[in-house]
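Raw query.pdb, PDB, C-alpha atoms:
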MODEL        1
ATOM      1  CA  MET N   1      26.624 -16.286  11.786
ATOM      2  CA  SER N   2      27.272 -12.609  11.149
ATOM      3  CA  HIS N   3      28.139 -10.231  13.915
ATOM      4  CA  VAL N   4      26.489  -6.821  14.001
ATOM      5  CA  ALA N   5      28.600  -4.062  15.507
ATOM      6  CA  PRO N   6      27.166  -2.733  18.783
ATOM      7  CA  ASN N   7      26.891   0.739  17.265
ATOM      8  CA  ALA N   8      25.838  -0.169  13.701
ATOM      9  CA  VAL N   9      22.610   1.870  13.703
ATOM     10  CA  ILE N  10      24.174   4.892  15.407
ATOM     11  CA  THR N  11      27.030   4.776  12.889
ATOM     12  CA  GLN N  12      24.587   4.541   9.987
ATOM     13  CA  VAL N  13      22.643   7.593  11.217
ATOM     14  CA  GLN N  14      25.911   9.433  11.692
ATOM     15  CA  GLN N  15      26.969   8.582   8.108
ATOM     16  CA  ILE N  16      23.601   9.635   6.665
ATOM     17  CA  PHE N  17      23.844  13.013   8.359
ATOM     18  CA  MET N  18      27.480  13.483   7.300
ATOM     19  CA  SER N  19      26.879  12.633   3.641
ATOM     20  CA  ARG N  20      23.754  14.783   3.321
ATOM     21  CA  LEU N  21      25.564  17.698   4.961
ATOM     22  CA  ASN N  22      28.235  17.228   2.283
ATOM     23  CA  ASN N  23      25.443  17.479  -0.307
ATOM     24  CA  LEU N  24      24.335  20.709   1.361
ATOM     25  CA  LYS N  25      27.882  22.079   1.102
ATOM     26  CA  HIS N  26      27.741  21.299  -2.626
ATOM     27  CA  PHE N  27      24.406  23.179  -2.921
ATOM     28  CA  LEU N  28      26.102  26.176  -1.310
ATOM     29  CA  ASP N  29      29.050  26.029  -3.724
ATOM     30  CA  VAL N  30      26.688  26.075  -6.706
ATOM     31  CA  ALA N  31      24.511  28.788  -5.120
ATOM     32  CA  GLU N  32      27.463  31.008  -4.318
ATOM     33  CA  ALA N  33      28.518  31.004  -7.968
ATOM     34  CA  HIS N  34      24.928  31.789  -9.008
ATOM     35  CA  PHE N  35      24.530  34.650  -6.505
ATOM     36  CA  GLU N  36      28.035  36.017  -6.988
ATOM     37  CA  ALA N  37      26.810  39.586  -7.570
ATOM     38  CA  ALA N  38      24.600  39.787  -4.440
ATOM     39  CA  PRO N  39      25.070  36.695  -2.254
ATOM     40  CA  GLU N  40      23.488  38.198   0.867
ATOM     41  CA  ALA N  41      20.114  38.429  -0.937
ATOM     42  CA  LEU N  42      19.841  34.631  -0.936
ATOM     43  CA  PHE N  43      19.701  34.340   2.838
ATOM     44  CA  GLU N  44      16.370  36.138   3.127
ATOM     45  CA  LEU N  45      14.585  34.250   0.346
ATOM     46  CA  ARG N  46      11.595  32.063   1.276
ATOM     47  CA  LEU N  47       9.310  29.644  -0.513
ATOM     48  CA  ALA N  48       6.255  31.197   1.122
ATOM     49  CA  PRO N  49       5.716  34.225   3.384
ATOM     50  CA  ASP N  50       5.031  32.062   6.443
ATOM     51  CA  MET N  51       8.169  29.929   5.967
ATOM     52  CA  PHE N  52      11.639  30.622   7.326
ATOM     53  CA  PRO N  53      14.247  32.134   4.979
ATOM     54  CA  PHE N  54      17.095  30.227   3.374
ATOM     55  CA  GLY N  55      19.639  30.979   6.117
ATOM     56  CA  THR N  56      17.293  29.663   8.791
ATOM     57  CA  GLN N  57      16.560  26.563   6.703
ATOM     58  CA  ILE N  58      20.292  25.810   6.740
ATOM     59  CA  ALA N  59      20.478  26.325  10.513
ATOM     60  CA  PHE N  60      17.475  24.052  11.052
ATOM     61  CA  THR N  61      18.980  21.441   8.715
ATOM     62  CA  CYS N  62      22.115  21.477  10.878
ATOM     63  CA  ASN N  63      20.166  21.438  14.145
ATOM     64  CA  GLN N  64      18.895  17.895  13.589
ATOM     65  CA  PRO N  65      22.283  16.133  13.352
ATOM     66  CA  TYR N  66      23.665  18.585  15.902
ATOM     67  CA  HIS N  67      20.957  17.584  18.389
ATOM     68  CA  PHE N  68      21.531  13.910  17.569
ATOM     69  CA  ALA N  69      25.234  14.273  18.351
ATOM     70  CA  LEU N  70      24.603  16.217  21.561
ATOM     71  CA  TRP N  71      22.133  13.552  22.692
ATOM     72  CA  CYS N  72      24.585  10.745  21.891
ATOM     73  CA  LEU N  73      27.300  12.611  23.784
ATOM     74  CA  GLY N  74      25.022  13.122  26.807
ATOM     75  CA  GLN N  75      24.939  16.900  26.423
ATOM     76  CA  GLU N  76      22.044  19.332  26.682
ATOM     77  CA  THR N  77      20.261  20.431  23.518
ATOM     78  CA  GLN N  78      21.539  23.695  22.086
ATOM     79  CA  TYR N  79      20.317  25.475  18.989
ATOM     80  CA  MET N  80      22.442  26.923  16.252
ATOM     81  CA  ASP N  81      22.051  30.594  15.372
ATOM     82  CA  LYS N  82      19.078  30.788  13.015
ATOM     83  CA  GLU N  83      19.876  34.315  11.835
ATOM     84  CA  VAL N  84      22.704  33.317   9.483
ATOM     85  CA  THR N  85      23.168  35.665   6.571
ATOM     86  CA  GLY N  86      26.249  34.620   4.666
ATOM     87  CA  PHE N  87      28.020  31.704   3.034
ATOM     88  CA  GLU N  88      30.839  31.781   5.568
ATOM     89  CA  ALA N  89      28.378  31.537   8.477
ATOM     90  CA  VAL N  90      26.405  28.611   7.052
ATOM     91  CA  ARG N  91      29.565  26.751   6.107
ATOM     92  CA  ALA N  92      30.782  27.240   9.689
ATOM     93  CA  GLN N  93      27.524  25.762  11.010
ATOM     94  CA  ILE N  94      27.869  22.736   8.752
ATOM     95  CA  ALA N  95      31.510  22.251   9.785
ATOM     96  CA  GLN N  96      30.626  22.577  13.479
ATOM     97  CA  THR N  97      27.862  20.007  13.046
ATOM     98  CA  GLN N  98      30.109  17.561  11.215
ATOM     99  CA  GLU N  99      32.869  17.950  13.815
ATOM    100  CA  LEU N 100      30.409  17.127  16.585
ATOM    101  CA  LEU N 101      29.034  14.139  14.648
ATOM    102  CA  GLN N 102      32.549  12.727  14.381
ATOM    103  CA  GLN N 103      32.837  12.654  18.171
ATOM    104  CA  ILE N 104      30.003  10.142  18.581
ATOM    105  CA  ASP N 105      31.040   6.783  19.986
ATOM    106  CA  VAL N 106      28.062   5.155  21.704
ATOM    107  CA  SER N 107      26.366   1.799  21.356
ATOM    108  CA  ASP N 108      22.990   1.262  19.753
ATOM    109  CA  GLU N 109      21.641   0.724  23.252
ATOM    110  CA  LYS N 110      21.309   4.527  23.308
ATOM    111  CA  LEU N 111      18.336   4.059  20.956
ATOM    112  CA  THR N 112      16.329   2.360  23.716
ATOM    113  CA  GLU N 113      16.565   5.382  26.036
ATOM    114  CA  ILE N 114      13.556   7.667  26.345
ATOM    115  CA  LYS N 115      14.211  11.099  24.844
ATOM    116  CA  ARG N 116      12.189  14.148  25.822
ATOM    117  CA  VAL N 117      11.817  16.608  22.959
ATOM    118  CA  ALA N 118      10.580  20.131  23.633
ATOM    119  CA  LEU N 119       8.063  21.282  21.037
ATOM    120  CA  GLY N 120       7.490  24.733  22.449
ATOM    121  CA  PRO N 121       7.202  26.497  25.788
ATOM    122  CA  GLU N 122       4.598  24.104  27.197
ATOM    123  CA  LEU N 123       4.685  21.138  24.809
ATOM    124  CA  PHE N 124       6.913  18.098  24.570
ATOM    125  CA  ILE N 125       6.990  14.468  23.516
ATOM    126  CA  GLU N 126       8.772  11.544  25.120
ATOM    127  CA  VAL N 127       9.817   8.809  22.729
ATOM    128  CA  PRO N 128      12.345   5.980  22.591
ATOM    129  CA  GLY N 129      15.633   7.004  20.980
ATOM    130  CA  GLN N 130      14.927   5.034  17.802
ATOM    131  CA  SER N 131      11.664   6.945  17.372
ATOM    132  CA  TYR N 132      13.494  10.188  18.141
ATOM    133  CA  VAL N 133      15.796   9.470  15.188
ATOM    134  CA  ASP N 134      13.227   7.963  12.788
ATOM    135  CA  ASP N 135      10.132  10.037  13.541
ATOM    136  CA  PHE N 136      11.542  13.384  14.639
ATOM    137  CA  LEU N 137      15.133  14.068  13.561
ATOM    138  CA  MET N 138      15.165  12.526  10.087
ATOM    139  CA  PRO N 139      11.849  14.005   8.874
ATOM    140  CA  ASN N 140      12.852  17.447  10.170
ATOM    141  CA  PHE N 141      16.313  17.130   8.646
ATOM    142  CA  TYR N 142      15.003  16.229   5.201
ATOM    143  CA  PHE N 143      12.224  18.851   5.378
ATOM    144  CA  HIS N 144      14.697  21.687   5.931
ATOM    145  CA  LEU N 145      17.299  20.265   3.527
ATOM    146  CA  THR N 146      14.657  19.937   0.811
ATOM    147  CA  THR N 147      13.276  23.403   1.536
ATOM    148  CA  ALA N 148      16.753  24.929   1.201
ATOM    149  CA  TYR N 149      17.202  23.025  -2.078
ATOM    150  CA  ALA N 150      13.764  24.202  -3.305
ATOM    151  CA  ILE N 151      14.562  27.844  -2.494
ATOM    152  CA  LEU N 152      17.702  27.572  -4.603
ATOM    153  CA  ARG N 153      15.857  25.880  -7.476
ATOM    154  CA  ALA N 154      13.113  28.525  -7.352
ATOM    155  CA  GLN N 155      15.842  31.147  -7.857
ATOM    156  CA  GLY N 156      17.224  29.409 -10.933
ATOM    157  CA  VAL N 157      20.234  27.808  -9.283
ATOM    158  CA  THR N 158      21.314  24.956 -11.532
ATOM    159  CA  LEU N 159      20.860  22.035  -9.179
ATOM    160  CA  GLY N 160      19.148  18.788 -10.070
ATOM    161  CA  LYS N 161      18.295  15.436  -8.599
ATOM    162  CA  GLY N 162      21.876  14.281  -9.131
ATOM    163  CA  ASP N 163      23.032  17.088  -6.830
ATOM    164  CA  TYR N 164      20.406  16.232  -4.224
ATOM    165  CA  MET N 165      21.354  12.535  -4.389
ATOM    166  CA  ARG N 166      25.096  13.232  -4.672
ATOM    167  CA  HIS N 167      25.829  10.858  -1.790
ATOM    168  CA  LEU N 168      25.077   7.942  -4.170
ATOM    169  CA  ALA N 169      27.675   8.984  -6.768
ATOM    170  CA  PRO N 170      30.378   6.596  -5.484
ATOM    171  CA  LEU N 171      27.959   3.673  -5.964
ATOM    172  CA  VAL N 172      27.032   4.425  -9.578
ATOM    173  CA  GLN N 173      28.204   1.781 -12.037
ATOM    174  CA  ARG N 174      28.047   1.428 -15.804
ATOM    175  CA  VAL N 175      26.699  -1.701 -17.446
ATOM    176  CA  GLU N 176      29.453  -3.307 -19.492
ATOM    177  CA  ALA N 177      28.542  -4.217 -23.066
TER     178      ALA N 177
ENDMDL
END

Kindly present the structure from the file in structure tokens form.
Amino acid sequence: MSHVAPNAVITQVQQIFMSRLNNLKHFLDVAEAHFEAAPEALFELRLAPDMFPFGTQIAFTCNQPYHFALWCLGQETQYMDKEVTGFEAVRAQIAQTQELLQQIDVSDEKLTEIKRVALGPELFIEVPGQSYVDDFLMPNFYFHLTTAYAILRAQGVTLGKGDYMRHLAPLVQRVEA
């Protein structure tokens, strides 16, 4: 009979967020080299006029794991500055998010708690913690991560699927002849 750790799911979510934030740091390294002449121009780029710019996409990518960590730690939701305009600022947001994620030490029982999520001034949802993670945080996280990636690709930054899926690199094996 195998024993499942009492925080196996929480730990898995924590690891997913950490590894994908590492991918995001890699995107930024590649982008910074590409935009070396005028790096500040990147932070205002958008995929469409009604979408948030690159800097805000990074902040919103960080907000999801940041909110997860705050919730796990029993703290009130706070939002990261969405008006970030430089590589140093976005790297600081990622580092702050990862530092907070590393502080999590709660059991998976947290996922049975009801979480109230504000959707605007007069709107909210109340969902079990597992639904909060699966149906709210993860889709939002990947939406903003993918949008940031797409903005970079649209500007000719040399990123590919291998960069986006970089977290799998340690698992890649070669078939022996």

- [ ] Would you write out, as a ChimeraX atom specification, every residue that the PyMOL selection byres ((chain N and resi 82) around 12) captures in this file?
- [x] /N:43-44,52-63,78-81,83-86,89-90,93

Task: Who sits within 8 Å of segment 133-137 of chain N, all atoms listed in the file, same chain under 6 positions skipped, as a list in words - done: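 In the requested format, the answer is Gln64, Pro65 and Phe68 of chain N.
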
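When the PyMOL selection byres ((chain N and resi 70) around 12) is run on the displayed coordinates, the residues it returns are Asn63, Gln64, Pro65, Tyr66, His67, Phe68, Ala69, Trp71, Cys72, Leu73, Gly74, Gln75, Glu76, Thr77, Gln78, Tyr79, Gln96, Thr97, Gln98, Glu99, Leu100, Leu101, Gln102, Gln103, Ile104, Asp105 and Val106 of chain N.
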
Open item on the list: I'd like the interatomic distance between atom CA of Phe141 of chain N and atom CA of Met18 of chain N, to a tenth of an Å.
Closed with: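 These atoms are spaced 11.8 Å apart.
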
Task: Separation of atom CA of Thr147 of chain N from atom CA of Pro49 of chain N in Å - done: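 The value is 13.3 Å.
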
Task: Atomic separation - atom CA of Tyr164 of chain N relative to atom CA of Ala33 of chain N, Å - done: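 Rounded to one decimal, the two atoms are 17.3 Å apart.
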
Open item on the list: Given the PyMOL selection byres ((chain N and resi 4-11) around 6) and the file above, list the residues it selects as a list in words.
Closed with: His3, Gln12, Val13, Gln14, Ser107 and Asp108 of chain N

Open item on the list: Given the point (27.7, 22.1, -0.5) in the coordinates of this file, which residues lie within 12 Å, counting only C-alpha atoms, and how would they look as a PyMOL selection string?
Closed with: chain N and resi 18-33+58+87-88+90-92+94-95+145+148-149+159+163-164+166-167

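Among the candidates N:Pro128, N:Pro139, N:Gly156, N:Gly120, the one nearest to Phe35 of chain N when counting all atoms listed in the file is N:Gly156.
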
Once 8 Å is added on each side, what centre and edge lengths in Å to one decimal does the axis-aligned box around all listed atoms of segment 88-102 of chain N have, as JSON?
{"center_x": 29.6, "center_y": 22.3, "center_z": 11.1, "size_x": 22.5, "size_y": 35.1, "size_z": 27.0}

Task: Nearest-residue call for Leu45 of chain N, choices N:Lys110, N:Lys161, N:Arg174, N:Arg153, using all atoms listed in the file - done: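 Residue with the minimum atom-to-atom distance to Leu45 of chain N: N:Arg153.
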